[in-house]
Amino acid sequence: MGYDPGLAFAWVRGRSLARGLPDPVPEHGGLRVDTRSESEQARWVFAEPCTGICELGEAITEPGYLLKLFGTSSDLMALLPARWQAQPERWFMHKLGVREAVGLPEGYIGRVTRAGVVSHVEIIASDGTLAAEGYAAETHDAFVYDRIVTSDLHQRRGLGSFVMQTLGEQCSDPAVPHVLVATAPGRALYERRGWMVLCRYATAGVVLSA
């Protein structure tokens, strides 16, 4: 399967569902997501280079707004003024039919909760603390994984794989593609589990000079 702009936008919508954010709004040839967090007011996500990136790059002069592109940092930065700075690239990844036979190590308890199309998996350690967790959102076009995290004290025990497996079991449509965006370390782990890179995912933000 090659890169599909429609699948990229499906990931954006699924991520917003998984995080309880407003529905993305079509704007400037991409999708605007109103994140409204302490560090970020909004982001615009683009499936491919377009003039909308240039327009926003010129209009935005303050930090707190991000431009994102399913592509390389070089592709993105070529469209932006000098005040913009690239952030570390991530990778848009895909897998069909996520099914892994991973058991939960002794001493841990798994818990699944659902709220509409959003699933949340938690793994609780024997001392009652949260050892690992992850979210997923199911849409008609994609099953989107988000915020798969394992505590530093519980690394290398297969907990992340168990979270992914359990989330995948919540998907009701076996034909829908499973997608996520991974960091560099995450990419290596997911590739070992059969995930494939579709493209890079670039980010840029305004950096004010001192």
# chains A, B, ... in the order shown; residues from 1 in each chain; ligands from 1
$ select_by_dssp --residues "range 6-137 of chain A" --states "strand (DSSP E or B)" --output "PyMOL selection string"
chain A and resi 25-27+30-33+42-46+65-69+84-95+109-115+118-124+130-137
$ select_by_dssp --residues "range 6-77 of chain A" --states "alpha helix (DSSP H)" --output "list in words"
Gly6, Leu7, Ala8, Phe9, Ala10, Trp11, Val12, Arg13, Gly14, Arg15, Ser16, Leu17, Ala18, Thr51, Gly52, Ile53, Cys54, Glu55, Leu56, Gly57, Glu58, Ala59, Ser73, Ser74, Asp75, Leu76 and Met77 of chain A
$ closest_atom_pairs --of "range 9-52 of chain A" --to "range 136-140 of chain A" --cutoff "8 Å" --atoms "only C-alpha atoms" --output "JSON lines"
{"residue": "A:Ala10", "atom": "CA", "partner": "A:Thr139", "partner_atom": "CA", "distance": 7.7}
{"residue": "A:Gly14", "atom": "CA", "partner": "A:Ala137", "partner_atom": "CA", "distance": 5.4}
{"residue": "A:Arg15", "atom": "CA", "partner": "A:Ala137", "partner_atom": "CA", "distance": 7.0}
{"residue": "A:Leu17", "atom": "CA", "partner": "A:Ala137", "partner_atom": "CA", "distance": 6.2}
{"residue": "A:Ala18", "atom": "CA", "partner": "A:Ala137", "partner_atom": "CA", "distance": 5.3}
$ closest_residue --among "A:Pro63, A:Leu69, A:His178, A:Leu31" --to "Asp141 in chain A" --atoms "only C-alpha atoms"
A:His178
$ residues_around --residues "Ala42 in chain A" --least-positions-apart "2" --cutoff "9 Å" --atoms "only C-alpha atoms" --output "list in words"
Arg32, Val33, Asp34, Thr35, Arg36, Ser37, Glu40, Trp44, Gly64, Tyr65, Leu66 and Leu67 of chain A
$ write_last_selection --atoms "N, CA and C atoms" --output "JSON list (two decimals), in the first residue's frame"
[["chain", "number", "residue", "atom", "x", "y", "z"],
["A", 32, "ARG", "N", -7.48, 22.19, 9.73],
["A", 32, "ARG", "CA", -7.12, 22.92, 10.94],
["A", 32, "ARG", "C", -7.65, 22.19, 12.16],
["A", 33, "VAL", "N", -6.79, 21.97, 13.14],
["A", 33, "VAL", "CA", -7.18, 21.34, 14.40],
["A", 33, "VAL", "C", -6.99, 22.36, 15.51],
["A", 34, "ASP", "N", -8.07, 22.70, 16.19],
["A", 34, "ASP", "CA", -8.00, 23.66, 17.30],
["A", 34, "ASP", "C", -7.65, 22.91, 18.58],
["A", 35, "THR", "N", -6.36, 22.88, 18.89],
["A", 35, "THR", "CA", -5.88, 22.10, 20.03],
["A", 35, "THR", "C", -6.10, 22.83, 21.35],
["A", 36, "ARG", "N", -5.91, 24.15, 21.38],
["A", 36, "ARG", "CA", -6.19, 24.98, 22.55],
["A", 36, "ARG", "C", -5.52, 24.46, 23.82],
["A", 37, "SER", "N", -4.27, 24.05, 23.70],
["A", 37, "SER", "CA", -3.52, 23.62, 24.88],
["A", 37, "SER", "C", -2.66, 24.78, 25.38],
["A", 40, "GLU", "N", 0.02, 25.20, 22.60],
["A", 40, "GLU", "CA", -0.38, 25.22, 21.19],
["A", 40, "GLU", "C", -1.84, 25.60, 21.05],
["A", 44, "TRP", "N", -2.25, 23.19, 11.55],
["A", 44, "TRP", "CA", -2.79, 22.90, 10.22],
["A", 44, "TRP", "C", -2.02, 21.72, 9.67],
["A", 64, "GLY", "N", 3.05, 29.03, 18.99],
["A", 64, "GLY", "CA", 1.77, 28.49, 19.42],
["A", 64, "GLY", "C", 0.91, 27.96, 18.30],
["A", 65, "TYR", "N", 1.42, 28.05, 17.07],
["A", 65, "TYR", "CA", 0.71, 27.54, 15.91],
["A", 65, "TYR", "C", 1.68, 26.67, 15.11],
["A", 66, "LEU", "N", 1.24, 25.48, 14.73],
["A", 66, "LEU", "CA", 2.11, 24.54, 14.04],
["A", 66, "LEU", "C", 1.59, 24.25, 12.63],
["A", 67, "LEU", "N", 2.52, 24.06, 11.72],
["A", 67, "LEU", "CA", 2.21, 23.58, 10.38],
["A", 67, "LEU", "C", 2.80, 22.20, 10.23]]
$ closest_residue --among "A:Ser119, A:Gln85, A:Gln170, A:Thr183" --to "Val206 in chain A" --atoms "only C-alpha atoms"
A:Gln85
$ closest_residue --among "A:Ala86, A:Leu167, A:Ile109, A:Met196" --to "Thr129 in chain A" --atoms "only C-alpha atoms"
A:Ile109
$ atom_distance --atom1 "CA of Asp23 in chain A" --atom2 "CA of Cys171 in chain A"
20.8 Å
$ atom_distance --atom1 "CA of Val112 in chain A" --atom2 "CA of Ile148 in chain A"
13.8 Å
$ closest_residue --among "A:Gly20, A:Gly134, A:Gly116, A:Gly30" --to "Ser151 in chain A" --atoms "only C-alpha atoms"
A:Gly134
$ atom_distance --atom1 "CA of Gln165 in chain A" --atom2 "CA of Val117 in chain A"
16.9 Å
$ closest_residue --among "A:Ala142, A:Pro88, A:Arg200, A:Arg193" --to "Gly160 in chain A" --atoms "only C-alpha atoms"
A:Arg193
$ closest_residue --among "A:Ala188, A:Leu104, A:Val207, A:Ala115" --to "Arg157 in chain A" --atoms "only C-alpha atoms"
A:Leu104
$ residues_around --residues "Glu48 in chain A" --least-positions-apart "2" --cutoff "9 Å" --atoms "only C-alpha atoms" --output "ChimeraX atom specification"
/A:5,30,46,50,69-71
$ residues_around --residues "Val179 in chain A" --least-positions-apart "4" --cutoff "9 Å" --atoms "only C-alpha atoms" --output "PDB file with N, CA and C atoms, in the first residue's frame"
ATOM      1  N   LEU A   7      -6.179   8.720   3.453  1.00  0.00           N
ATOM      2  CA  LEU A   7      -5.873   7.989   4.678  1.00  0.00           C
ATOM      3  C   LEU A   7      -5.155   8.890   5.672  1.00  0.00           C
ATOM      4  N   ALA A   8      -4.317   9.788   5.154  1.00  0.00           N
ATOM      5  CA  ALA A   8      -3.631  10.735   6.030  1.00  0.00           C
ATOM      6  C   ALA A   8      -4.638  11.613   6.762  1.00  0.00           C
ATOM      7  N   TRP A  11      -6.418   9.781   9.462  1.00  0.00           N
ATOM      8  CA  TRP A  11      -5.633   9.736  10.704  1.00  0.00           C
ATOM      9  C   TRP A  11      -5.836  11.015  11.513  1.00  0.00           C
ATOM     10  N   PHE A  92       4.540   8.313   9.366  1.00  0.00           N
ATOM     11  CA  PHE A  92       3.168   7.840   9.205  1.00  0.00           C
ATOM     12  C   PHE A  92       3.241   6.373   8.805  1.00  0.00           C
ATOM     13  N   MET A  93       2.616   5.506   9.615  1.00  0.00           N
ATOM     14  CA  MET A  93       2.769   4.065   9.438  1.00  0.00           C
ATOM     15  C   MET A  93       1.414   3.377   9.330  1.00  0.00           C
ATOM     16  N   HIS A  94       1.449   2.199   8.735  1.00  0.00           N
ATOM     17  CA  HIS A  94       0.215   1.480   8.399  1.00  0.00           C
ATOM     18  C   HIS A  94       0.413  -0.021   8.584  1.00  0.00           C
ATOM     19  N   LYS A  95      -0.679  -0.677   8.968  1.00  0.00           N
ATOM     20  CA  LYS A  95      -0.679  -2.138   9.020  1.00  0.00           C
ATOM     21  C   LYS A  95      -2.102  -2.622   8.825  1.00  0.00           C
ATOM     22  N   LEU A  96      -2.251  -3.714   8.101  1.00  0.00           N
ATOM     23  CA  LEU A  96      -3.561  -4.334   7.918  1.00  0.00           C
ATOM     24  C   LEU A  96      -3.698  -5.531   8.847  1.00  0.00           C
ATOM     25  N   ALA A 142     -10.428   4.490   8.912  1.00  0.00           N
ATOM     26  CA  ALA A 142      -9.166   4.096   9.548  1.00  0.00           C
ATOM     27  C   ALA A 142      -9.388   3.758  11.014  1.00  0.00           C
ATOM     28  N   PHE A 143      -8.488   2.933  11.528  1.00  0.00           N
ATOM     29  CA  PHE A 143      -8.422   2.656  12.960  1.00  0.00           C
ATOM     30  C   PHE A 143      -7.123   3.291  13.437  1.00  0.00           C
ATOM     31  N   VAL A 144      -7.240   4.318  14.271  1.00  0.00           N
ATOM     32  CA  VAL A 144      -6.118   5.205  14.593  1.00  0.00           C
ATOM     33  C   VAL A 144      -5.622   4.957  16.017  1.00  0.00           C
ATOM     34  N   TYR A 145      -4.337   4.634  16.125  1.00  0.00           N
ATOM     35  CA  TYR A 145      -3.697   4.444  17.432  1.00  0.00           C
ATOM     36  C   TYR A 145      -3.083   5.761  17.886  1.00  0.00           C
ATOM     37  N   TRP A 195       4.660  -3.281  10.984  1.00  0.00           N
ATOM     38  CA  TRP A 195       4.142  -2.026  10.458  1.00  0.00           C
ATOM     39  C   TRP A 195       5.037  -1.524   9.334  1.00  0.00           C
TER      40      TRP A 195
END
$ residues_around --residues "Arg192 in chain A" --least-positions-apart "5" --cutoff "12 Å" --atoms "only C-alpha atoms" --output "JSON, numbers by chain"
{"A": [95, 100, 161, 185, 186, 187, 197]}
$ write_last_selection --atoms "C-alpha atoms" --output "mmCIF file, in the first residue's frame"
data_model
loop_
_atom_site.group_PDB
_atom_site.id
_atom_site.type_symbol
_atom_site.label_atom_id
_atom_site.label_comp_id
_atom_site.auth_asym_id
_atom_site.auth_seq_id
_atom_site.Cartn_x
_atom_site.Cartn_y
_atom_site.Cartn_z
ATOM 1 C CA LYS A 95 -0.679 -2.138 9.020
ATOM 2 C CA GLU A 100 -0.529 -10.198 17.741
ATOM 3 C CA SER A 161 2.754 -4.807 22.402
ATOM 4 C CA PRO A 185 12.394 5.031 18.430
ATOM 5 C CA GLY A 186 8.751 4.043 17.986
ATOM 6 C CA ARG A 187 9.244 3.458 14.282
ATOM 7 C CA VAL A 197 6.195 3.381 6.725
#
